[in-house]
$ cat work_13.csv   # CSV, N, CA, C and O atoms
chain,number,residue,atom,x,y,z
A,1,MET,N,76.0,73.2,200.2
A,1,MET,CA,75.5,74.3,201.0
A,1,MET,C,75.9,75.6,200.4
A,1,MET,O,77.1,75.8,200.0
A,2,MET,N,75.1,76.6,200.5
A,2,MET,CA,75.4,77.9,199.9
A,2,MET,C,76.1,78.8,200.9
A,2,MET,O,75.8,78.8,202.0
A,3,ASP,N,77.0,79.6,200.3
A,3,ASP,CA,77.8,80.6,201.1
A,3,ASP,C,76.8,81.6,201.6
A,3,ASP,O,76.0,82.2,200.9
A,4,ASN,N,77.0,82.0,202.9
A,4,ASN,CA,76.1,83.0,203.5
A,4,ASN,C,76.3,84.4,202.9
A,4,ASN,O,75.3,85.1,202.7
A,5,ALA,N,77.5,84.7,202.5
A,5,ALA,CA,77.7,86.0,201.8
A,5,ALA,C,77.0,86.0,200.5
A,5,ALA,O,76.5,87.1,200.1
A,6,LEU,N,76.9,84.9,199.8
A,6,LEU,CA,76.2,84.9,198.5
A,6,LEU,C,74.7,85.1,198.7
A,6,LEU,O,74.1,85.8,197.9
A,7,ILE,N,74.2,84.4,199.7
A,7,ILE,CA,72.8,84.6,200.0
A,7,ILE,C,72.5,86.1,200.3
A,7,ILE,O,71.5,86.6,199.9
A,8,GLN,N,73.3,86.7,201.1
A,8,GLN,CA,73.1,88.1,201.4
A,8,GLN,C,73.2,89.0,200.1
A,8,GLN,O,72.4,89.9,200.0
A,9,LEU,N,74.1,88.7,199.3
A,9,LEU,CA,74.2,89.4,198.0
A,9,LEU,C,73.0,89.3,197.2
A,9,LEU,O,72.4,90.3,196.6
A,10,ILE,N,72.4,88.1,197.1
A,10,ILE,CA,71.2,87.8,196.3
A,10,ILE,C,70.0,88.5,196.9
A,10,ILE,O,69.2,89.1,196.2
A,11,ALA,N,70.0,88.5,198.2
A,11,ALA,CA,68.9,89.2,198.9
A,11,ALA,C,68.9,90.7,198.7
A,11,ALA,O,67.9,91.3,198.4
A,12,ARG,N,70.1,91.3,198.7
A,12,ARG,CA,70.3,92.7,198.4
A,12,ARG,C,69.9,93.0,197.0
A,12,ARG,O,69.2,94.0,196.7
A,13,LEU,N,70.3,92.1,196.1
A,13,LEU,CA,70.0,92.3,194.7
A,13,LEU,C,68.5,92.2,194.5
A,13,LEU,O,67.9,93.1,193.7
A,14,LYS,N,67.8,91.3,195.1
A,14,LYS,CA,66.4,91.1,195.0
A,14,LYS,C,65.7,92.4,195.4
A,14,LYS,O,64.8,92.9,194.7
A,15,ILE,N,66.0,93.0,196.5
A,15,ILE,CA,65.4,94.2,197.0
A,15,ILE,C,65.6,95.4,196.1
A,15,ILE,O,64.7,96.1,195.7
A,16,ARG,N,66.9,95.6,195.7
A,16,ARG,CA,67.3,96.7,194.9
A,16,ARG,C,66.7,96.6,193.5
A,16,ARG,O,66.3,97.6,192.9
A,17,LEU,N,66.6,95.4,193.0
A,17,LEU,CA,66.1,95.2,191.6
A,17,LEU,C,64.6,95.5,191.6
A,17,LEU,O,64.1,96.1,190.7
A,18,ARG,N,63.9,95.1,192.7
A,18,ARG,CA,62.4,95.4,192.8
A,18,ARG,C,62.2,96.9,192.9
A,18,ARG,O,61.3,97.5,192.3
A,19,GLN,N,63.1,97.6,193.7
A,19,GLN,CA,62.9,99.0,193.9
A,19,GLN,C,63.2,99.8,192.6
A,19,GLN,O,62.5,100.7,192.2
A,20,GLU,N,64.3,99.4,191.9
A,20,GLU,CA,64.8,100.2,190.8
A,20,GLU,C,64.1,99.9,189.5
A,20,GLU,O,63.9,100.7,188.6
A,21,LYS,N,63.9,98.6,189.2
A,21,LYS,CA,63.4,98.1,187.9
A,21,LYS,C,62.0,97.5,188.0
A,21,LYS,O,61.4,97.2,186.9
A,22,GLY,N,61.4,97.3,189.2
A,22,GLY,CA,60.1,96.7,189.3
A,22,GLY,C,60.2,95.2,189.0
A,22,GLY,O,59.1,94.6,188.7
A,23,PHE,N,61.4,94.6,189.0
A,23,PHE,CA,61.5,93.2,188.7
A,23,PHE,C,61.7,92.4,190.0
A,23,PHE,O,62.7,92.7,190.7
A,24,SER,N,60.9,91.5,190.3
A,24,SER,CA,61.0,90.7,191.5
A,24,SER,C,61.6,89.3,191.2
A,24,SER,O,61.1,88.6,190.3
A,25,ILE,N,62.7,89.0,191.8
A,25,ILE,CA,63.4,87.8,191.5
A,25,ILE,C,62.7,86.7,192.3
A,25,ILE,O,62.5,86.8,193.5
A,26,ASN,N,62.4,85.6,191.6
A,26,ASN,CA,61.9,84.4,192.2
A,26,ASN,C,63.1,83.6,192.7
A,26,ASN,O,63.8,83.0,191.8
A,27,THR,N,63.4,83.6,194.0
A,27,THR,CA,64.7,83.0,194.4
A,27,THR,C,64.8,81.5,194.2
A,27,THR,O,65.9,81.0,193.9
A,28,GLN,N,63.7,80.8,194.3
A,28,GLN,CA,63.7,79.4,194.0
A,28,GLN,C,64.1,79.1,192.6
A,28,GLN,O,64.9,78.3,192.2
A,29,LYS,N,63.5,79.9,191.7
A,29,LYS,CA,63.7,79.7,190.2
A,29,LYS,C,65.2,80.2,189.9
A,29,LYS,O,65.9,79.6,189.1
A,30,PHE,N,65.6,81.2,190.7
A,30,PHE,CA,67.0,81.8,190.5
A,30,PHE,C,68.0,80.6,190.7
A,30,PHE,O,69.0,80.5,190.0
A,31,PHE,N,67.8,79.8,191.8
A,31,PHE,CA,68.8,78.8,192.1
A,31,PHE,C,68.6,77.5,191.3
A,31,PHE,O,69.5,76.7,191.1
A,32,SER,N,67.4,77.3,190.7
A,32,SER,CA,67.2,76.1,189.9
A,32,SER,C,67.3,76.2,188.4
A,32,SER,O,67.4,75.2,187.7
A,33,ASP,N,67.2,77.5,187.9
A,33,ASP,CA,67.1,77.7,186.5
A,33,ASP,C,68.3,78.6,186.1
A,33,ASP,O,68.2,79.9,186.3
A,34,LEU,N,69.3,78.1,185.5
A,34,LEU,CA,70.5,78.9,185.1
A,34,LEU,C,70.1,80.0,184.1
A,34,LEU,O,70.6,81.1,184.2
A,35,GLY,N,69.2,79.8,183.2
A,35,GLY,CA,68.8,80.8,182.2
A,35,GLY,C,68.1,82.0,182.9
A,35,GLY,O,68.3,83.1,182.6
A,36,TYR,N,67.2,81.6,183.9
A,36,TYR,CA,66.5,82.7,184.6
A,36,TYR,C,67.5,83.5,185.5
A,36,TYR,O,67.4,84.7,185.5
A,37,ALA,N,68.4,82.8,186.1
A,37,ALA,CA,69.4,83.5,186.9
A,37,ALA,C,70.2,84.5,186.1
A,37,ALA,O,70.5,85.6,186.4
A,38,SER,N,70.6,84.0,184.9
A,38,SER,CA,71.4,84.8,184.0
A,38,SER,C,70.6,86.0,183.5
A,38,SER,O,71.2,87.1,183.5
A,39,GLN,N,69.4,85.8,183.2
A,39,GLN,CA,68.5,86.9,182.8
A,39,GLN,C,68.3,87.9,183.9
A,39,GLN,O,68.4,89.1,183.6
A,40,ALA,N,68.1,87.5,185.1
A,40,ALA,CA,68.0,88.4,186.2
A,40,ALA,C,69.2,89.3,186.4
A,40,ALA,O,69.2,90.5,186.7
A,41,LEU,N,70.4,88.6,186.3
A,41,LEU,CA,71.6,89.3,186.5
A,41,LEU,C,71.9,90.3,185.3
A,41,LEU,O,72.4,91.4,185.5
A,42,ASP,N,71.5,89.9,184.1
A,42,ASP,CA,71.6,90.8,183.0
A,42,ASP,C,70.8,92.0,183.2
A,42,ASP,O,71.2,93.1,182.8
A,43,ILE,N,69.5,91.9,183.7
A,43,ILE,CA,68.7,93.0,184.0
A,43,ILE,C,69.4,94.0,185.0
A,43,ILE,O,69.4,95.2,184.8
A,44,ALA,N,70.0,93.4,186.0
A,44,ALA,CA,70.7,94.2,187.0
A,44,ALA,C,71.9,95.0,186.4
A,44,ALA,O,72.1,96.1,186.7
A,45,GLU,N,72.6,94.3,185.5
A,45,GLU,CA,73.8,94.9,184.9
A,45,GLU,C,73.4,96.0,183.9
A,45,GLU,O,74.2,96.8,183.6
A,46,ASP,N,72.2,95.9,183.3
A,46,ASP,CA,71.8,97.0,182.4
A,46,ASP,C,71.3,98.2,183.1
A,46,ASP,O,70.9,99.2,182.4
A,47,SER,N,71.3,98.2,184.4
A,47,SER,CA,70.9,99.4,185.2
A,47,SER,C,71.9,100.5,185.2
A,47,SER,O,73.1,100.3,184.9
A,48,GLU,N,71.4,101.7,185.5
A,48,GLU,CA,72.3,102.8,185.6
A,48,GLU,C,72.8,102.9,187.1
A,48,GLU,O,73.7,103.8,187.4
A,49,GLU,N,72.3,102.1,188.0
A,49,GLU,CA,72.7,102.1,189.4
A,49,GLU,C,73.9,101.2,189.5
A,49,GLU,O,73.9,100.0,189.3
A,50,ILE,N,75.0,101.8,190.0
A,50,ILE,CA,76.3,101.1,190.2
A,50,ILE,C,76.1,100.0,191.2
A,50,ILE,O,76.8,98.9,191.1
A,51,GLU,N,75.3,100.1,192.2
A,51,GLU,CA,75.1,99.1,193.2
A,51,GLU,C,74.5,97.8,192.6
A,51,GLU,O,75.0,96.7,192.9
A,52,LEU,N,73.5,98.0,191.7
A,52,LEU,CA,73.0,96.8,191.0
A,52,LEU,C,74.0,96.2,190.1
A,52,LEU,O,74.1,94.9,190.1
A,53,VAL,N,74.7,96.9,189.4
A,53,VAL,CA,75.7,96.4,188.5
A,53,VAL,C,76.8,95.6,189.3
A,53,VAL,O,77.1,94.5,189.0
A,54,SER,N,77.3,96.2,190.4
A,54,SER,CA,78.3,95.5,191.2
A,54,SER,C,77.8,94.3,191.9
A,54,SER,O,78.5,93.3,192.0
A,55,LEU,N,76.5,94.4,192.4
A,55,LEU,CA,75.9,93.2,193.0
A,55,LEU,C,75.9,92.0,192.0
A,55,LEU,O,76.2,90.9,192.3
A,56,ALA,N,75.4,92.3,190.8
A,56,ALA,CA,75.3,91.3,189.8
A,56,ALA,C,76.6,90.7,189.4
A,56,ALA,O,76.8,89.5,189.3
A,57,MET,N,77.6,91.6,189.3
A,57,MET,CA,79.0,91.1,189.0
A,57,MET,C,79.6,90.3,190.1
A,57,MET,O,80.2,89.2,189.9
A,58,ASP,N,79.3,90.7,191.4
A,58,ASP,CA,79.8,89.9,192.5
A,58,ASP,C,79.2,88.6,192.6
A,58,ASP,O,79.8,87.6,192.9
A,59,ILE,N,77.9,88.5,192.3
A,59,ILE,CA,77.2,87.2,192.3
A,59,ILE,C,77.7,86.3,191.2
A,59,ILE,O,78.0,85.1,191.5
A,60,ARG,N,77.9,86.8,190.1
A,60,ARG,CA,78.4,86.0,189.0
A,60,ARG,C,79.8,85.5,189.4
A,60,ARG,O,80.1,84.3,189.1
A,61,GLU,N,80.6,86.3,190.0
A,61,GLU,CA,82.0,85.9,190.4
A,61,GLU,C,81.9,84.8,191.4
A,61,GLU,O,82.6,83.8,191.4
A,62,LYS,N,81.0,85.0,192.4
A,62,LYS,CA,80.9,84.0,193.5
A,62,LYS,C,80.3,82.6,193.0
A,62,LYS,O,80.7,81.6,193.5
A,63,LEU,N,79.5,82.7,191.9
A,63,LEU,CA,79.0,81.5,191.3
A,63,LEU,C,79.9,80.9,190.4
A,63,LEU,O,79.7,79.8,189.9
A,64,GLY,N,81.0,81.5,190.1
A,64,GLY,CA,82.0,81.0,189.2
A,64,GLY,C,81.7,81.2,187.7
A,64,GLY,O,82.2,80.5,186.8
A,65,TRP,N,80.8,82.2,187.5
A,65,TRP,CA,80.4,82.5,186.1
A,65,TRP,C,81.4,83.5,185.4
A,65,TRP,O,81.3,83.7,184.2
A,66,ILE,N,82.2,84.1,186.2
A,66,ILE,CA,83.2,85.0,185.7
A,66,ILE,C,84.6,84.4,185.9
A,66,ILE,O,85.0,84.2,187.0
A,67,ALA,N,85.3,84.1,184.8
A,67,ALA,CA,86.6,83.5,184.9
A,67,ALA,C,87.6,84.6,185.2
A,67,ALA,O,87.6,85.6,184.6
A,68,VAL,N,88.4,84.4,186.3
A,68,VAL,CA,89.4,85.3,186.6
A,68,VAL,C,90.6,85.0,185.7
A,68,VAL,O,91.1,83.9,185.7
A,69,PRO,N,91.0,86.0,184.9
A,69,PRO,CA,92.1,85.8,184.0
A,69,PRO,C,93.4,85.4,184.7
A,69,PRO,O,93.7,86.0,185.8
A,70,ALA,N,94.2,84.6,184.1
A,70,ALA,CA,95.5,84.2,184.7
A,70,ALA,C,96.4,85.4,184.7
A,70,ALA,O,96.3,86.3,183.8
A,71,THR,N,97.3,85.5,185.6
A,71,THR,CA,98.2,86.7,185.6
A,71,THR,C,99.1,86.6,184.4
A,71,THR,O,99.6,85.5,184.0
A,72,LEU,N,99.2,87.7,183.8
A,72,LEU,CA,100.1,87.8,182.6
A,72,LEU,C,101.5,87.9,183.0
A,72,LEU,O,101.9,88.7,183.9
A,73,THR,N,102.3,87.2,182.3
A,73,THR,CA,103.8,87.3,182.5
A,73,THR,C,104.4,88.2,181.5
A,73,THR,O,104.1,88.0,180.3
A,74,VAL,N,105.1,89.2,181.9
A,74,VAL,CA,105.7,90.1,181.0
A,74,VAL,C,107.2,89.8,180.9
A,74,VAL,O,107.9,89.6,181.9
A,75,ALA,N,107.7,89.7,179.7
A,75,ALA,CA,109.1,89.4,179.4
A,75,ALA,C,109.9,90.6,179.9
A,75,ALA,O,109.5,91.7,179.7
A,76,PRO,N,111.0,90.3,180.5
A,76,PRO,CA,111.9,91.5,180.9
A,76,PRO,C,112.4,92.2,179.7
A,76,PRO,O,112.5,91.7,178.6
A,77,PRO,N,112.6,93.5,179.9
A,77,PRO,CA,113.1,94.3,178.7
A,77,PRO,C,114.4,93.8,178.2
A,77,PRO,O,115.3,93.4,179.0
A,78,VAL,N,114.6,93.8,176.9
A,78,VAL,CA,115.8,93.4,176.2
A,78,VAL,C,116.7,94.5,176.1
A,78,VAL,O,116.4,95.6,175.7
A,79,SER,N,118.0,94.3,176.5
A,79,SER,CA,119.0,95.4,176.5
A,79,SER,C,119.5,95.6,175.1
A,79,SER,O,119.4,94.7,174.2
A,80,ALA,N,120.0,96.7,174.8
A,80,ALA,CA,120.6,97.0,173.5
A,80,ALA,C,121.8,96.1,173.2
A,80,ALA,O,122.0,95.7,172.0
A,81,LYS,N,122.5,95.7,174.2
A,81,LYS,CA,123.6,94.8,174.0
A,81,LYS,C,123.1,93.4,173.6
A,81,LYS,O,123.7,92.8,172.7
A,82,ALA,N,122.0,93.0,174.1
A,82,ALA,CA,121.5,91.7,173.7
A,82,ALA,C,121.0,91.7,172.3
A,82,ALA,O,121.1,90.8,171.5
A,83,ILE,N,120.4,92.8,171.9
A,83,ILE,CA,119.9,93.0,170.5
A,83,ILE,C,121.0,93.0,169.5
A,83,ILE,O,121.0,92.4,168.5
A,84,ALA,N,122.1,93.7,169.9
A,84,ALA,CA,123.3,93.8,169.0
A,84,ALA,C,123.9,92.4,168.9
A,84,ALA,O,124.3,92.0,167.8
A,85,ALA,N,124.0,91.7,169.9
A,85,ALA,CA,124.5,90.3,169.9
A,85,ALA,C,123.7,89.4,169.0
A,85,ALA,O,124.2,88.6,168.2
A,86,ALA,N,122.4,89.5,169.1
A,86,ALA,CA,121.5,88.7,168.3
A,86,ALA,C,121.6,89.1,166.8
A,86,ALA,O,121.7,88.2,165.9
A,87,GLU,N,121.8,90.4,166.5
A,87,GLU,CA,122.0,90.8,165.1
A,87,GLU,C,123.3,90.3,164.6
A,87,GLU,O,123.4,89.9,163.4
A,88,GLU,N,124.3,90.3,165.4
A,88,GLU,CA,125.6,89.9,165.0
A,88,GLU,C,125.6,88.4,164.7
A,88,GLU,O,126.2,87.9,163.8
A,89,GLU,N,124.9,87.7,165.5
A,89,GLU,CA,124.8,86.2,165.3
A,89,GLU,C,124.1,85.9,164.0
A,89,GLU,O,124.4,85.0,163.3
A,90,GLN,N,123.1,86.7,163.7
A,90,GLN,CA,122.3,86.4,162.4
A,90,GLN,C,123.1,86.8,161.2
A,90,GLN,O,122.9,86.3,160.1
A,91,ARG,N,124.1,87.7,161.4
A,91,ARG,CA,124.9,88.2,160.2
A,91,ARG,C,125.7,87.1,159.7
A,91,ARG,O,125.9,86.9,158.5
A,92,TYR,N,126.3,86.3,160.5
A,92,TYR,CA,127.2,85.2,160.1
A,92,TYR,C,126.5,83.9,160.1
A,92,TYR,O,126.5,83.1,161.0
A,93,VAL,N,125.9,83.6,158.9
A,93,VAL,CA,125.1,82.4,158.8
A,93,VAL,C,125.9,81.2,158.4
A,93,VAL,O,125.7,80.1,158.9
A,94,PHE,N,126.9,81.4,157.6
A,94,PHE,CA,127.8,80.3,157.2
A,94,PHE,C,129.1,80.3,157.9
A,94,PHE,O,129.6,81.4,158.3
A,95,GLY,N,129.6,79.1,158.1
A,95,GLY,CA,130.9,79.0,158.8
A,95,GLY,C,132.1,79.4,157.8
A,95,GLY,O,131.9,79.8,156.7
A,96,ALA,N,133.3,79.3,158.3
A,96,ALA,CA,134.5,79.6,157.6
A,96,ALA,C,134.7,78.6,156.4
A,96,ALA,O,134.4,77.4,156.5
A,97,ARG,N,135.1,79.1,155.3
A,97,ARG,CA,135.3,78.2,154.2
A,97,ARG,C,136.7,77.5,154.3
A,97,ARG,O,137.7,78.2,154.7
A,98,SER,N,136.7,76.4,153.8
A,98,SER,CA,138.0,75.7,153.9
A,98,SER,C,138.6,75.4,152.5
A,98,SER,O,138.0,75.5,151.5

$ encode --input "work_13.csv" --output "structure tokens"
Amino acid sequence: MMDNALIQLIARLKIRLRQEKGFSINTQKFFSDLGYASQALDIAEDSEEIELVSLAMDIREKLGWIAVPATLTVAPPVSAKAIAAAEEEQRYVFGARS
């Protein structure tokens, strides 16, 4: 079953796309043909209207066509003391001679 919010987004896109670009979305084909749906969303994203672009992106996200990037983990900053210790460690490569 389709999400009610998604249906409303597609309805808004259909109306706005017809008004702005003269392109009428065939909703049955939109839901059954991935290539057609992608083409319709591409047309909306090529618009100068921010509402059309954001509607297309919202629909792609709700359909799972936009992967949300994993959160990036940032290493904590390295202190000068840790850098000096690492350099000191690298300096003495060989052990004591016997």

$ closest_residue --input "work_13.csv" --among "A:Ser54, A:Ile83, A:Ile59, A:Ser47" --to "A:Phe30" --atoms "only C-alpha atoms"
A:Ile59

$ residues_near_point --input "work_13.csv" --point "(76.6, 82.6, 186.4)" --cutoff "10 Å" --atoms "only C-alpha atoms" --output "PyMOL selection string"
chain A and resi 34-35+37-39+41+56-57+59-66

$ write_last_selection --input "work_13.csv" --atoms "N, CA, C and O atoms" --output "PDB file, in the coordinates of the input"
ATOM      1  N   LEU A  34      69.300  78.100 185.500  1.00  0.00           N
ATOM      2  CA  LEU A  34      70.500  78.900 185.100  1.00  0.00           C
ATOM      3  C   LEU A  34      70.100  80.000 184.100  1.00  0.00           C
ATOM      4  O   LEU A  34      70.600  81.100 184.200  1.00  0.00           O
ATOM      5  N   GLY A  35      69.200  79.800 183.200  1.00  0.00           N
ATOM      6  CA  GLY A  35      68.800  80.800 182.200  1.00  0.00           C
ATOM      7  C   GLY A  35      68.100  82.000 182.900  1.00  0.00           C
ATOM      8  O   GLY A  35      68.300  83.100 182.600  1.00  0.00           O
ATOM      9  N   ALA A  37      68.400  82.800 186.100  1.00  0.00           N
ATOM     10  CA  ALA A  37      69.400  83.500 186.900  1.00  0.00           C
ATOM     11  C   ALA A  37      70.200  84.500 186.100  1.00  0.00           C
ATOM     12  O   ALA A  37      70.500  85.600 186.400  1.00  0.00           O
ATOM     13  N   SER A  38      70.600  84.000 184.900  1.00  0.00           N
ATOM     14  CA  SER A  38      71.400  84.800 184.000  1.00  0.00           C
ATOM     15  C   SER A  38      70.600  86.000 183.500  1.00  0.00           C
ATOM     16  O   SER A  38      71.200  87.100 183.500  1.00  0.00           O
ATOM     17  N   GLN A  39      69.400  85.800 183.200  1.00  0.00           N
ATOM     18  CA  GLN A  39      68.500  86.900 182.800  1.00  0.00           C
ATOM     19  C   GLN A  39      68.300  87.900 183.900  1.00  0.00           C
ATOM     20  O   GLN A  39      68.400  89.100 183.600  1.00  0.00           O
ATOM     21  N   LEU A  41      70.400  88.600 186.300  1.00  0.00           N
ATOM     22  CA  LEU A  41      71.600  89.300 186.500  1.00  0.00           C
ATOM     23  C   LEU A  41      71.900  90.300 185.300  1.00  0.00           C
ATOM     24  O   LEU A  41      72.400  91.400 185.500  1.00  0.00           O
ATOM     25  N   ALA A  56      75.400  92.300 190.800  1.00  0.00           N
ATOM     26  CA  ALA A  56      75.300  91.300 189.800  1.00  0.00           C
ATOM     27  C   ALA A  56      76.600  90.700 189.400  1.00  0.00           C
ATOM     28  O   ALA A  56      76.800  89.500 189.300  1.00  0.00           O
ATOM     29  N   MET A  57      77.600  91.600 189.300  1.00  0.00           N
ATOM     30  CA  MET A  57      79.000  91.100 189.000  1.00  0.00           C
ATOM     31  C   MET A  57      79.600  90.300 190.100  1.00  0.00           C
ATOM     32  O   MET A  57      80.200  89.200 189.900  1.00  0.00           O
ATOM     33  N   ILE A  59      77.900  88.500 192.300  1.00  0.00           N
ATOM     34  CA  ILE A  59      77.200  87.200 192.300  1.00  0.00           C
ATOM     35  C   ILE A  59      77.700  86.300 191.200  1.00  0.00           C
ATOM     36  O   ILE A  59      78.000  85.100 191.500  1.00  0.00           O
ATOM     37  N   ARG A  60      77.900  86.800 190.100  1.00  0.00           N
ATOM     38  CA  ARG A  60      78.400  86.000 189.000  1.00  0.00           C
ATOM     39  C   ARG A  60      79.800  85.500 189.400  1.00  0.00           C
ATOM     40  O   ARG A  60      80.100  84.300 189.100  1.00  0.00           O
ATOM     41  N   GLU A  61      80.600  86.300 190.000  1.00  0.00           N
ATOM     42  CA  GLU A  61      82.000  85.900 190.400  1.00  0.00           C
ATOM     43  C   GLU A  61      81.900  84.800 191.400  1.00  0.00           C
ATOM     44  O   GLU A  61      82.600  83.800 191.400  1.00  0.00           O
ATOM     45  N   LYS A  62      81.000  85.000 192.400  1.00  0.00           N
ATOM     46  CA  LYS A  62      80.900  84.000 193.500  1.00  0.00           C
ATOM     47  C   LYS A  62      80.300  82.600 193.000  1.00  0.00           C
ATOM     48  O   LYS A  62      80.700  81.600 193.500  1.00  0.00           O
ATOM     49  N   LEU A  63      79.500  82.700 191.900  1.00  0.00           N
ATOM     50  CA  LEU A  63      79.000  81.500 191.300  1.00  0.00           C
ATOM     51  C   LEU A  63      79.900  80.900 190.400  1.00  0.00           C
ATOM     52  O   LEU A  63      79.700  79.800 189.900  1.00  0.00           O
ATOM     53  N   GLY A  64      81.000  81.500 190.100  1.00  0.00           N
ATOM     54  CA  GLY A  64      82.000  81.000 189.200  1.00  0.00           C
ATOM     55  C   GLY A  64      81.700  81.200 187.700  1.00  0.00           C
ATOM     56  O   GLY A  64      82.200  80.500 186.800  1.00  0.00           O
ATOM     57  N   TRP A  65      80.800  82.200 187.500  1.00  0.00           N
ATOM     58  CA  TRP A  65      80.400  82.500 186.100  1.00  0.00           C
ATOM     59  C   TRP A  65      81.400  83.500 185.400  1.00  0.00           C
ATOM     60  O   TRP A  65      81.300  83.700 184.200  1.00  0.00           O
ATOM     61  N   ILE A  66      82.200  84.100 186.200  1.00  0.00           N
ATOM     62  CA  ILE A  66      83.200  85.000 185.700  1.00  0.00           C
ATOM     63  C   ILE A  66      84.600  84.400 185.900  1.00  0.00           C
ATOM     64  O   ILE A  66      85.000  84.200 187.000  1.00  0.00           O
TER      65      ILE A  66
END

$ residues_around --input "work_13.csv" --residues "A:Leu9" --least-positions-apart "4" --cutoff "8 Å" --atoms "only N, CA, C and O atoms" --output "CSV table (one decimal) with N, CA, C and O atoms, in the frame of the given file"
chain,number,residue,atom,x,y,z
A,3,ASP,N,77.0,79.6,200.3
A,3,ASP,CA,77.8,80.6,201.1
A,3,ASP,C,76.8,81.6,201.6
A,3,ASP,O,76.0,82.2,200.9
A,4,ASN,N,77.0,82.0,202.9
A,4,ASN,CA,76.1,83.0,203.5
A,4,ASN,C,76.3,84.4,202.9
A,4,ASN,O,75.3,85.1,202.7
A,5,ALA,N,77.5,84.7,202.5
A,5,ALA,CA,77.7,86.0,201.8
A,5,ALA,C,77.0,86.0,200.5
A,5,ALA,O,76.5,87.1,200.1
A,13,LEU,N,70.3,92.1,196.1
A,13,LEU,CA,70.0,92.3,194.7
A,13,LEU,C,68.5,92.2,194.5
A,13,LEU,O,67.9,93.1,193.7
A,14,LYS,N,67.8,91.3,195.1
A,14,LYS,CA,66.4,91.1,195.0
A,14,LYS,C,65.7,92.4,195.4
A,14,LYS,O,64.8,92.9,194.7
A,15,ILE,N,66.0,93.0,196.5
A,15,ILE,CA,65.4,94.2,197.0
A,15,ILE,C,65.6,95.4,196.1
A,15,ILE,O,64.7,96.1,195.7
A,16,ARG,N,66.9,95.6,195.7
A,16,ARG,CA,67.3,96.7,194.9
A,16,ARG,C,66.7,96.6,193.5
A,16,ARG,O,66.3,97.6,192.9
A,51,GLU,N,75.3,100.1,192.2
A,51,GLU,CA,75.1,99.1,193.2
A,51,GLU,C,74.5,97.8,192.6
A,51,GLU,O,75.0,96.7,192.9
A,55,LEU,N,76.5,94.4,192.4
A,55,LEU,CA,75.9,93.2,193.0
A,55,LEU,C,75.9,92.0,192.0
A,55,LEU,O,76.2,90.9,192.3
A,56,ALA,N,75.4,92.3,190.8
A,56,ALA,CA,75.3,91.3,189.8
A,56,ALA,C,76.6,90.7,189.4
A,56,ALA,O,76.8,89.5,189.3
A,58,ASP,N,79.3,90.7,191.4
A,58,ASP,CA,79.8,89.9,192.5
A,58,ASP,C,79.2,88.6,192.6
A,58,ASP,O,79.8,87.6,192.9
A,59,ILE,N,77.9,88.5,192.3
A,59,ILE,CA,77.2,87.2,192.3
A,59,ILE,C,77.7,86.3,191.2
A,59,ILE,O,78.0,85.1,191.5

$ select_by_dssp --input "work_13.csv" --residues "stretch 22-81 of chain A" --states "helix (DSSP H, G or I)" --output "PyMOL selection string"
chain A and resi 27-32+34-45+50-62+80-81
